[in-house]
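Coordinates from coords-v4.cif are shown below (mmCIF, C-alpha atoms).
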data_protein
#
loop_
_atom_site.label_atom_id
_atom_site.label_comp_id
_atom_site.auth_asym_id
_atom_site.auth_seq_id
_atom_site.Cartn_x
_atom_site.Cartn_y
_atom_site.Cartn_z
CA MET A 1 0.00 0.00 0.00
CA PRO A 2 1.45 3.41 -0.88
CA CYS A 3 2.64 5.60 1.98
CA LEU A 4 0.08 8.20 3.01
CA ARG A 5 2.54 10.94 3.95
CA ARG A 6 2.35 14.32 2.21
CA ARG A 7 4.95 15.04 -0.43
CA SER A 8 7.70 17.51 0.29
CA GLU A 9 8.73 20.27 -2.13
CA GLY A 10 11.60 18.07 -3.31
CA ASP A 11 9.23 15.18 -3.88
CA GLU A 12 6.98 17.41 -5.96
CA HIS A 13 9.88 18.44 -8.19
CA GLU A 14 10.84 14.81 -8.67
CA LEU A 15 7.21 13.90 -9.43
CA GLU A 16 6.89 16.67 -12.03
CA THR A 17 10.12 15.51 -13.66
CA LYS A 18 8.93 11.91 -13.80
CA MET A 19 5.55 12.92 -15.19
CA SER A 20 7.12 15.02 -17.94
CA LEU A 21 9.20 12.03 -18.99
CA GLU A 22 6.69 9.25 -18.54
CA ASN A 23 3.71 10.97 -20.11
CA THR A 24 5.50 10.85 -23.46
CA ALA A 25 6.93 7.35 -23.17
CA HIS A 26 6.04 3.76 -22.30
CA THR A 27 2.55 4.09 -23.75
CA GLY A 28 0.24 1.44 -22.32
CA ARG A 29 2.55 0.50 -19.47
CA PRO A 30 1.41 1.06 -15.87
CA ARG A 31 3.07 4.07 -14.25
CA LEU A 32 3.41 5.13 -10.66
CA ASP A 33 2.27 8.62 -11.65
CA GLU A 34 -0.44 9.36 -14.21
CA LEU A 35 -1.64 12.62 -15.68
CA VAL A 36 -5.16 11.63 -14.59
CA PRO A 37 -4.98 10.00 -11.13
CA SER A 38 -6.37 6.49 -10.81
CA ARG A 39 -5.99 5.96 -7.06
CA TYR A 40 -6.72 7.93 -3.92
CA ALA A 41 -5.69 7.11 -0.34
CA VAL A 42 -7.80 7.59 2.77
CA GLN A 43 -6.97 6.79 6.39
CA VAL A 44 -9.75 5.42 8.62
CA GLY A 45 -8.15 5.31 12.05
CA GLU A 46 -5.56 2.55 11.77
CA ILE A 47 -7.11 1.16 8.59
CA GLU A 48 -5.53 2.10 5.25
CA VAL A 49 -7.91 2.57 2.34
CA LEU A 50 -7.06 3.00 -1.33
CA VAL A 51 -9.76 3.79 -3.88
CA VAL A 52 -8.68 2.51 -7.30
CA SER A 53 -10.40 3.39 -10.57
CA ASP A 54 -11.16 0.42 -12.79
CA GLY A 55 -12.08 2.88 -15.54
CA VAL A 56 -15.47 3.99 -16.82
CA LEU A 57 -18.54 2.35 -18.34
CA PRO A 58 -20.29 4.32 -21.11
CA LEU A 59 -23.99 3.50 -20.59
CA PRO A 60 -27.36 4.94 -21.64
CA THR A 61 -28.62 7.56 -19.20
CA ALA A 62 -31.95 5.70 -18.99
CA MET A 63 -30.12 3.34 -16.61
CA LEU A 64 -30.21 6.12 -13.99
CA GLY A 65 -33.98 6.13 -13.69
CA HIS A 66 -36.13 4.04 -15.98
CA ASN A 67 -39.31 4.60 -13.93
CA ILE A 68 -39.56 8.34 -14.50
CA ASP A 69 -40.43 10.67 -17.38
CA PRO A 70 -37.45 10.92 -19.76
CA ALA A 71 -37.89 14.70 -19.82
CA VAL A 72 -37.44 14.84 -16.04
CA ARG A 73 -34.33 12.70 -16.29
CA ALA A 74 -32.98 14.87 -19.10
CA ALA A 75 -33.56 18.00 -17.00
CA TRP A 76 -31.52 16.55 -14.13
CA LEU A 77 -28.69 15.63 -16.50
CA LYS A 78 -28.66 19.11 -18.01
CA ASP A 79 -28.53 20.62 -14.50
CA MET A 80 -25.47 18.43 -13.87
CA PHE A 81 -23.88 19.48 -17.21
CA LEU A 82 -24.04 15.87 -18.38
CA PRO A 83 -25.12 14.53 -21.80
CA VAL A 84 -28.74 13.43 -21.91
CA ASP A 85 -28.27 10.21 -23.90
CA ALA A 86 -25.17 8.45 -22.60
CA PHE A 87 -22.40 9.23 -20.16
CA ASP A 88 -19.51 7.55 -18.36
CA TRP A 89 -20.21 5.72 -15.12
CA ALA A 90 -17.22 5.60 -12.83
CA LEU A 91 -16.13 2.13 -11.74
CA ASN A 92 -14.33 2.13 -8.38
CA VAL A 93 -12.68 -0.67 -6.40
CA VAL A 94 -11.27 -0.37 -2.88
CA VAL A 95 -8.17 -1.91 -1.30
CA VAL A 96 -8.17 -2.10 2.50
CA ARG A 97 -5.32 -2.94 4.82
CA SER A 98 -6.29 -3.84 8.39
CA GLY A 99 -3.73 -5.52 10.61
CA ASP A 100 -1.96 -8.17 8.57
CA GLN A 101 -4.80 -8.52 6.04
CA THR A 102 -4.97 -6.90 2.61
CA ILE A 103 -8.55 -6.90 1.40
CA LEU A 104 -9.96 -6.20 -2.04
CA LEU A 105 -13.50 -4.82 -2.02
CA ASP A 106 -14.87 -5.95 -5.39
CA ALA A 107 -12.68 -6.71 -8.39
CA GLY A 108 -13.75 -4.60 -11.36
CA LEU A 109 -14.94 -5.59 -14.81
CA GLY A 110 -12.10 -7.55 -16.31
CA ILE A 111 -12.37 -8.02 -20.06
CA ASP A 112 -15.51 -8.71 -22.10
CA PRO A 113 -14.87 -7.73 -25.73
CA ASP A 114 -18.46 -8.57 -26.73
CA LEU A 115 -19.75 -5.62 -24.70
CA HIS A 116 -17.32 -3.09 -26.21
CA LEU A 117 -16.22 -1.52 -22.91
CA PRO A 118 -12.50 -0.95 -23.54
CA ARG A 119 -12.18 1.93 -21.07
CA ALA A 120 -12.97 -0.29 -18.09
CA GLY A 121 -11.15 -3.35 -16.78
CA GLN A 122 -8.06 -1.38 -15.69
CA LEU A 123 -7.80 -2.74 -12.12
CA ILE A 124 -5.00 -5.27 -12.46
CA LYS A 125 -2.53 -2.93 -14.12
CA ARG A 126 -3.46 -0.12 -11.72
CA LEU A 127 -2.88 -2.34 -8.69
CA GLU A 128 0.54 -3.10 -10.16
CA ALA A 129 1.19 0.61 -10.67
CA ALA A 130 0.24 1.20 -7.03
CA GLY A 131 2.78 -1.40 -5.91
CA ILE A 132 0.15 -3.91 -4.76
CA ASP A 133 1.14 -7.50 -5.46
CA LEU A 134 -1.84 -9.77 -6.12
CA ALA A 135 -0.14 -12.40 -3.97
CA SER A 136 -0.42 -10.05 -0.98
CA VAL A 137 -4.23 -10.00 -1.11
CA THR A 138 -5.56 -12.19 1.70
CA ASP A 139 -9.29 -11.55 1.23
CA VAL A 140 -11.80 -10.40 -1.37
CA VAL A 141 -15.20 -9.07 -0.30
CA LEU A 142 -17.88 -8.94 -2.98
CA THR A 143 -20.72 -6.47 -2.73
CA HIS A 144 -22.49 -8.65 -5.30
CA MET A 145 -21.74 -10.77 -8.36
CA HIS A 146 -22.50 -8.47 -11.28
CA MET A 147 -19.65 -8.78 -13.74
CA ASP A 148 -18.25 -5.29 -13.09
CA HIS A 149 -17.54 -6.41 -9.51
CA ILE A 150 -16.00 -9.83 -10.15
CA GLY A 151 -14.55 -9.80 -13.67
CA GLY A 152 -11.07 -8.65 -12.69
CA LEU A 153 -10.44 -12.02 -11.03
CA LEU A 154 -11.29 -13.77 -14.31
CA VAL A 155 -8.61 -12.01 -16.37
CA ASP A 156 -6.14 -14.52 -17.82
CA GLY A 157 -3.28 -15.24 -15.44
CA VAL A 158 -4.78 -13.50 -12.40
CA LYS A 159 -5.86 -16.61 -10.52
CA ASP A 160 -2.33 -18.02 -10.81
CA GLN A 161 -0.98 -14.92 -9.04
CA LEU A 162 -3.45 -15.09 -6.15
CA ARG A 163 -2.77 -16.96 -2.93
CA PRO A 164 -4.14 -20.50 -2.83
CA ASP A 165 -5.66 -19.70 0.59
CA LEU A 166 -7.39 -16.52 -0.64
CA ARG A 167 -10.78 -16.06 1.05
CA ILE A 168 -13.68 -14.65 -1.00
CA HIS A 169 -16.46 -13.36 1.24
CA VAL A 170 -19.89 -13.20 -0.38
CA ALA A 171 -23.45 -13.43 0.90
CA ALA A 172 -24.98 -16.90 0.66
CA ALA A 173 -28.12 -15.32 -0.83
CA GLU A 174 -26.01 -13.88 -3.66
CA VAL A 175 -24.51 -17.20 -4.63
CA LYS A 176 -27.95 -18.83 -4.48
CA PHE A 177 -29.47 -16.11 -6.68
CA TRP A 178 -26.96 -16.62 -9.47
CA GLU A 179 -27.77 -20.30 -9.73
CA ALA A 180 -31.00 -19.21 -11.49
CA PRO A 181 -31.00 -15.38 -11.73
CA ASP A 182 -34.22 -13.45 -12.33
CA PHE A 183 -33.90 -10.56 -14.81
CA SER A 184 -37.63 -9.82 -15.10
CA ARG A 185 -37.44 -6.47 -13.26
CA VAL A 186 -34.25 -4.99 -14.73
CA SER A 187 -33.93 -2.54 -17.63
CA MET A 188 -30.50 -3.20 -19.14
CA PRO A 189 -28.98 -2.62 -22.56
CA PRO A 190 -29.06 -5.62 -24.93
CA GLY A 191 -26.38 -8.21 -24.25
CA PHE A 192 -25.93 -7.39 -20.58
CA PRO A 193 -28.21 -10.06 -19.05
CA ASP A 194 -26.49 -12.85 -20.97
CA ALA A 195 -23.05 -11.49 -20.10
CA LEU A 196 -23.96 -11.15 -16.41
CA ARG A 197 -25.29 -14.72 -16.26
CA ALA A 198 -22.26 -16.17 -18.00
CA THR A 199 -19.72 -14.23 -15.91
CA ALA A 200 -21.37 -15.12 -12.59
CA LYS A 201 -21.57 -18.79 -13.57
CA ARG A 202 -17.93 -18.87 -14.60
CA PHE A 203 -16.84 -17.05 -11.44
CA ALA A 204 -18.72 -19.46 -9.17
CA LYS A 205 -17.14 -22.40 -10.96
CA GLU A 206 -13.60 -20.97 -10.81
CA TYR A 207 -13.65 -19.79 -7.19
CA HIS A 208 -16.32 -21.80 -5.33
CA SER A 209 -13.77 -23.58 -3.15
CA GLN A 210 -12.57 -20.21 -1.83
CA PHE A 211 -16.01 -18.80 -1.05
CA ARG A 212 -16.64 -17.89 2.58
CA LEU A 213 -20.41 -17.49 2.77
CA PHE A 214 -22.27 -15.42 5.34
CA ASP A 215 -25.95 -14.79 5.96
CA ASP A 216 -26.39 -11.22 7.16
CA GLU A 217 -23.16 -9.93 8.74
CA HIS A 218 -19.54 -11.02 8.93
CA GLU A 219 -16.34 -9.51 10.34
CA VAL A 220 -13.65 -9.91 7.70
CA ALA A 221 -10.83 -8.22 9.66
CA PRO A 222 -10.54 -5.89 12.66
CA GLY A 223 -12.88 -2.98 11.95
CA VAL A 224 -14.00 -4.41 8.59
CA VAL A 225 -17.56 -5.76 8.64
CA VAL A 226 -19.70 -6.75 5.65
CA HIS A 227 -23.50 -6.44 5.93
CA ARG A 228 -26.04 -7.88 3.50
CA THR A 229 -28.60 -5.27 2.39
CA GLY A 230 -30.34 -6.95 -0.54
CA GLY A 231 -32.21 -4.77 -3.02
CA HIS A 232 -29.87 -4.31 -5.95
CA THR A 233 -29.44 -8.09 -5.89
CA PRO A 234 -30.70 -10.43 -3.13
CA GLY A 235 -27.22 -10.74 -1.65
CA HIS A 236 -25.99 -7.21 -2.26
CA SER A 237 -23.83 -6.08 0.65
CA VAL A 238 -22.06 -3.00 1.99
CA ILE A 239 -18.78 -2.93 3.88
CA ARG A 240 -18.40 -0.75 6.98
CA LEU A 241 -14.96 0.29 8.20
CA ALA A 242 -14.45 1.60 11.73
CA SER A 243 -11.24 2.43 13.60
CA GLY A 244 -10.23 5.05 16.17
CA GLY A 245 -13.50 6.94 15.92
CA ASP A 246 -13.35 7.16 12.10
CA ARG A 247 -15.92 5.43 9.91
CA LEU A 248 -16.35 4.79 6.19
CA MET A 249 -18.91 2.82 4.21
CA PHE A 250 -18.29 1.20 0.85
CA ALA A 251 -21.84 1.02 -0.48
CA GLY A 252 -21.28 -0.88 -3.73
CA ASP A 253 -24.27 -0.32 -6.01
CA ALA A 254 -26.72 0.80 -3.32
CA VAL A 255 -26.18 4.46 -4.25
CA PHE A 256 -25.69 6.05 -7.66
CA ALA A 257 -24.98 9.67 -8.55
CA VAL A 258 -28.65 10.53 -9.04
CA GLY A 259 -29.70 8.69 -5.88
CA PHE A 260 -29.10 11.54 -3.44
CA GLU A 261 -31.60 13.95 -4.99
CA HIS A 262 -33.83 11.19 -6.35
CA PRO A 263 -33.47 8.04 -4.23
CA ASP A 264 -36.77 6.72 -5.65
CA TRP A 265 -35.46 6.48 -9.22
CA TYR A 266 -34.99 2.87 -10.33
CA ASN A 267 -31.57 1.95 -11.65
CA GLY A 268 -31.65 -0.33 -14.67
CA PHE A 269 -29.43 -2.93 -13.01
CA GLU A 270 -31.58 -3.36 -9.89
CA HIS A 271 -33.20 -6.79 -9.74
CA ASP A 272 -35.73 -5.65 -7.09
CA PRO A 273 -36.19 -1.89 -7.65
CA GLU A 274 -38.65 -1.28 -4.80
CA GLU A 275 -36.42 -2.98 -2.26
CA ALA A 276 -33.39 -1.19 -3.69
CA VAL A 277 -35.14 2.14 -3.00
CA ARG A 278 -35.87 1.10 0.59
CA VAL A 279 -32.24 0.06 1.08
CA ARG A 280 -30.96 3.29 -0.48
CA LEU A 281 -33.13 5.45 1.76
CA ARG A 282 -32.11 3.55 4.88
CA LEU A 283 -28.40 3.81 4.11
CA LEU A 284 -28.58 7.48 3.13
CA ARG A 285 -30.41 8.32 6.36
CA GLU A 286 -27.76 6.43 8.31
CA LEU A 287 -24.92 8.22 6.53
CA ALA A 288 -26.56 11.62 7.05
CA ASP A 289 -27.02 10.87 10.74
CA THR A 290 -23.51 9.57 11.41
CA GLY A 291 -21.54 11.89 9.13
CA GLU A 292 -19.27 9.01 8.19
CA GLN A 293 -17.50 8.91 4.83
CA LEU A 294 -19.01 7.17 1.83
CA VAL A 295 -17.41 5.48 -1.16
CA ALA A 296 -19.52 3.76 -3.82
CA THR A 297 -18.77 1.89 -7.00
CA HIS A 298 -20.33 4.25 -9.51
CA LEU A 299 -19.92 7.66 -7.90
CA PRO A 300 -17.42 9.93 -9.69
CA PHE A 301 -13.84 9.01 -8.81
CA PRO A 302 -12.45 9.19 -6.16
CA SER A 303 -15.96 8.82 -4.76
CA VAL A 304 -15.06 9.96 -1.24
CA GLY A 305 -17.54 12.22 0.50
CA ARG A 306 -20.40 12.54 2.93
CA VAL A 307 -24.19 12.69 2.80
CA ALA A 308 -26.31 15.58 4.07
CA ALA A 309 -30.06 15.56 4.56
CA ASP A 310 -31.83 17.98 2.22
CA GLY A 311 -35.55 18.07 2.98
CA ASP A 312 -37.05 14.75 1.94
CA ALA A 313 -33.97 13.90 -0.11
CA PHE A 314 -30.20 14.14 0.32
CA ARG A 315 -27.16 16.02 -0.87
CA TRP A 316 -23.75 14.61 -1.82
CA VAL A 317 -20.83 16.53 -0.29
CA ALA A 318 -17.62 15.49 -2.03
CA ALA A 319 -14.51 15.49 0.12
CA PHE A 320 -11.84 18.08 -0.61
CA TRP A 321 -8.93 16.20 -2.14
CA ASP A 322 -6.06 15.78 0.33
CA TYR A 323 -2.79 16.04 -1.57
#

If you convert what's in this file into structure tokens, what do you get?
Amino acid sequence: MPCLRRRSEGDEHELETKMSLENTAHTGRPRLDELVPSRYAVQVGEIEVLVVSDGVLPLPTAMLGHNIDPAVRAAWLKDMFLPVDAFDWALNVVVVRSGDQTILLDAGLGIDPDLHLPRAGQLIKRLEAAGIDLASVTDVVLTHMHMDHIGGLLVDGVKDQLRPDLRIHVAAAEVKFWEAPDFSRVSMPPGFPDALRATAKRFAKEYHSQFRLFDDEHEVAPGVVVHRTGGHTPGHSVIRLASGGDRLMFAGDAVFAVGFEHPDWYNGFEHDPEEAVRVRLRLLRELADTGEQLVATHLPFPSVGRVAADGDAFRWVAAFWDY
């Protein structure tokens, strides 16, 4: 895990020199420093947290709220200075170090050429650029088994680099769901349901012996607890970090960018939209009450901030970057 200390003036000069050299060379190779940052460090008490960008997913904006008038959705997008037809969803993964455990929260998209998403699936090379050896990962916690949360572990050669005693923590209800998944309530672009089914089936076959199933709550490491919420998928879970009075929640796909102002909008990837709304409201109320930090998969990178109550809805307060 990278050191969290602030850079000195000398360090900054060295960084600028390296960037000027490396931005014009070694195209395609992972670098420790990038013109556009792909990782961001946060300290939660004694727990080290690193948010890593797996890239972006260009998706139709209808995925943000398929149960509302398209004109209302378009108005929100225009207010946010976003295109009204399609835009880039962030795709964030989190690395946690607690005690002697290095924990990966979700694993990114991996590679699926049939879906034409070349700007995602960057996790493995970005972990390498951050100096994180796959063999050092002791645990993986899955918020759920959609392909953009598990696919990175299916990239060719990755399993061979992982520890044979790697533990993959996932809700029992999630594994059960993907044995015969129900897509009757979703609103996804063509090709996605088949890809999701195939990826989840392959993942369960490849890694079933390393699954560590839990029902509702499980402590993965000191101060790292995973809780099943359901909603988005039956086994969808959030991970709560707590140490030294500091708290942070990784909410997976429970909260999307539009969900603060409009928590009742149905996301196209929610398998039970009504329950997903109930879960979203409950978590947002909790976050507004506690003031703890929030990170979520599809909030704009680095996705670190807090939630404020705003009448009957909520307001996202992005953290000031610490650099």

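Using all atoms listed in the file, the smallest distance between any of A:Leu50, A:Ala198, A:Ala313, A:Val238 and Val224 of chain A comes from A:Val238.
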
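Using the PyMOL selection byres ((chain A and resi 315) around 12) on the file at hand returns these residues: Ala257, Val258, Gly259, Phe260, Glu261, His262, Pro263, Leu284, Arg285, Leu287, Ala288, Gly305, Arg306, Val307, Ala308, Ala309, Asp310, Gly311, Asp312, Ala313, Phe314, Trp316, Val317 and Ala318 of chain A.
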
Q: Taking the file as shown, find all residues satisfying the PyMOL selection byres ((chain A and resi 110) around 7) and write them as a list in words.
A: Gly108, Leu109, Ile111, Asp112, Gly121, Gly151, Gly152, Leu154 and Val155 of chain A

Q: Write out as a list in words each polymer residue whose atoms come within 8 Å of Ser187 of chain A, counting all atoms listed in the file; drop sequence neighbours fewer than 6 positions from it.
A: Met63, His66, Asn267, Gly268 and Phe269 of chain A

Q | Residue members of the PyMOL selection byres ((chain A and resi 235) around 8) in the file shown, as a count of residues only | A | 17

I'd like a table as CSV: residues in segment 137-202 of chain A with an atom no more than 12 Å from segment 75-92 of chain A, each row giving the shortest atom pair and its distance in Å to one decimal, all atoms listed in the file counted, sorted by chain and rising residue number.
residue,atom,partner,partner_atom,distance
A:Met147,CA,A:Leu91,CA,11.6
A:Asp148,CA,A:Leu91,CA,7.8
A:His149,CA,A:Leu91,CA,8.9
A:Gly152,CA,A:Leu91,CA,11.9
A:Pro189,CA,A:Ala86,CA,11.7

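Here atom CA of Glu179 of chain A is placed at a distance of 27.9 Å from atom CA of Pro60 of chain A.
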
Q: May I have the residues at most 9 Å from (-11.9, 1.3, -19.0) in the file's coordinates, counting only C-alpha atoms, as an MDAnalysis selection string?
A: chainID A and resid 53:57 91 109 117:123

Take the residues from that selection and put them in a file with C-alpha atoms, as a PDB file, keeping the file's coordinate frame.
ATOM      1  CA  SER A  53     -10.400   3.390 -10.570  1.00  0.00           C
ATOM      2  CA  ASP A  54     -11.160   0.420 -12.790  1.00  0.00           C
ATOM      3  CA  GLY A  55     -12.080   2.880 -15.540  1.00  0.00           C
ATOM      4  CA  VAL A  56     -15.470   3.990 -16.820  1.00  0.00           C
ATOM      5  CA  LEU A  57     -18.540   2.350 -18.340  1.00  0.00           C
ATOM      6  CA  LEU A  91     -16.130   2.130 -11.740  1.00  0.00           C
ATOM      7  CA  LEU A 109     -14.940  -5.590 -14.810  1.00  0.00           C
ATOM      8  CA  LEU A 117     -16.220  -1.520 -22.910  1.00  0.00           C
ATOM      9  CA  PRO A 118     -12.500  -0.950 -23.540  1.00  0.00           C
ATOM     10  CA  ARG A 119     -12.180   1.930 -21.070  1.00  0.00           C
ATOM     11  CA  ALA A 120     -12.970  -0.290 -18.090  1.00  0.00           C
ATOM     12  CA  GLY A 121     -11.150  -3.350 -16.780  1.00  0.00           C
ATOM     13  CA  GLN A 122      -8.060  -1.380 -15.690  1.00  0.00           C
ATOM     14  CA  LEU A 123      -7.800  -2.740 -12.120  1.00  0.00           C
TER      15      LEU A 123
END

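The smallest atom-to-atom distance between Phe250 of chain A and any of A:Ala135, A:His227, A:Ala180, A:Leu127, using only C-alpha atoms, is found for A:His227.
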
Q.
Just the number, please: distance in Å from atom CA of Gln293 of chain A to atom CA of Arg212 of chain A, one decimal.
A. 26.9 Å

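Distances from A:Leu283, A:Arg240, A:Trp321, A:Val44 to Phe301 of chain A were compared using all atoms listed in the file, and the smallest one belongs to A:Trp321.
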
Q: Would you list the contacts of Ile47 of chain A as a ChimeraX atom specification, taking every protein, DNA or RNA residue within 9 Å and counting only C-alpha atoms, but skipping same-chain residues closer than 4 positions in sequence?
A: /A:42-43,96-99,222-224,241-243

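Atom CA of Leu213 of chain A sits 25.8 Å away from atom CA of Ile132 of chain A.
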
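The closest residue to Val186 of chain A, picked from A:Ala276, A:Val304, A:Ala129, A:Ala319 and counting only C-alpha atoms, is A:Ala276.
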
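Nearest residue to Asp106 of chain A among A:Leu166, A:Met249, A:Val94, A:Ala62 is A:Val94, counting all atoms listed in the file.
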
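Distances here use all atoms listed in the file; by that measure, the residue among A:Leu105, A:Leu59, A:Leu35, A:Leu248 closest to Thr297 of chain A is A:Leu105.
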
Q | Close residues, Ala296 of chain A itself excluded, 8 Å, only C-alpha atoms, min 4 positions apart in chain, as a PyMOL selection string | A | chain A and resi 92+250-256+303

Save the residues we just selected, C-alpha atoms, as a PDB file, in the frame of the given file?
ATOM      1  CA  ASN A  92     -14.330   2.130  -8.380  1.00  0.00           C
ATOM      2  CA  PHE A 250     -18.290   1.200   0.850  1.00  0.00           C
ATOM      3  CA  ALA A 251     -21.840   1.020  -0.480  1.00  0.00           C
ATOM      4  CA  GLY A 252     -21.280  -0.880  -3.730  1.00  0.00           C
ATOM      5  CA  ASP A 253     -24.270  -0.320  -6.010  1.00  0.00           C
ATOM      6  CA  ALA A 254     -26.720   0.800  -3.320  1.00  0.00           C
ATOM      7  CA  VAL A 255     -26.180   4.460  -4.250  1.00  0.00           C
ATOM      8  CA  PHE A 256     -25.690   6.050  -7.660  1.00  0.00           C
ATOM      9  CA  SER A 303     -15.960   8.820  -4.760  1.00  0.00           C
TER      10      SER A 303
END

Q: Give me the residues within 9 Å of Asn67 of chain A as a VMD selection string, counting all atoms listed in the file and dropping any in the same chain fewer than 6 places off.
A: chain A and resid 264 to 267

Keeping only C-alpha atoms, take the residues you just selected and write them out as a PDB file, in the coordinates of the input.
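Just written: result-v3.pdb:
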ATOM      1  CA  ASP A 264     -36.770   6.720  -5.650  1.00  0.00           C
ATOM      2  CA  TRP A 265     -35.460   6.480  -9.220  1.00  0.00           C
ATOM      3  CA  TYR A 266     -34.990   2.870 -10.330  1.00  0.00           C
ATOM      4  CA  ASN A 267     -31.570   1.950 -11.650  1.00  0.00           C
TER       5      ASN A 267
END

Tell me, as a compact mmCIF listing (two decimals) with C-alpha atoms, in the frame of the given file, which residues lie within 12 Å of Arg202 of chain A, counting all atoms listed in the file; anything in the same chain fewer than 2 positions away does not count.
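result35.txt, written as the output of this step:
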# COMPACT_ATOMS: atom_id res chain seq x y z
CA MET A 145 -21.74 -10.77 -8.36
CA HIS A 146 -22.50 -8.47 -11.28
CA MET A 147 -19.65 -8.78 -13.74
CA ILE A 150 -16.00 -9.83 -10.15
CA GLY A 151 -14.55 -9.80 -13.67
CA LEU A 153 -10.44 -12.02 -11.03
CA LEU A 154 -11.29 -13.77 -14.31
CA VAL A 155 -8.61 -12.01 -16.37
CA TRP A 178 -26.96 -16.62 -9.47
CA GLU A 179 -27.77 -20.30 -9.73
CA ALA A 195 -23.05 -11.49 -20.10
CA LEU A 196 -23.96 -11.15 -16.41
CA ARG A 197 -25.29 -14.72 -16.26
CA ALA A 198 -22.26 -16.17 -18.00
CA THR A 199 -19.72 -14.23 -15.91
CA ALA A 200 -21.37 -15.12 -12.59
CA ALA A 204 -18.72 -19.46 -9.17
CA LYS A 205 -17.14 -22.40 -10.96
CA GLU A 206 -13.60 -20.97 -10.81
CA TYR A 207 -13.65 -19.79 -7.19
CA HIS A 208 -16.32 -21.80 -5.33
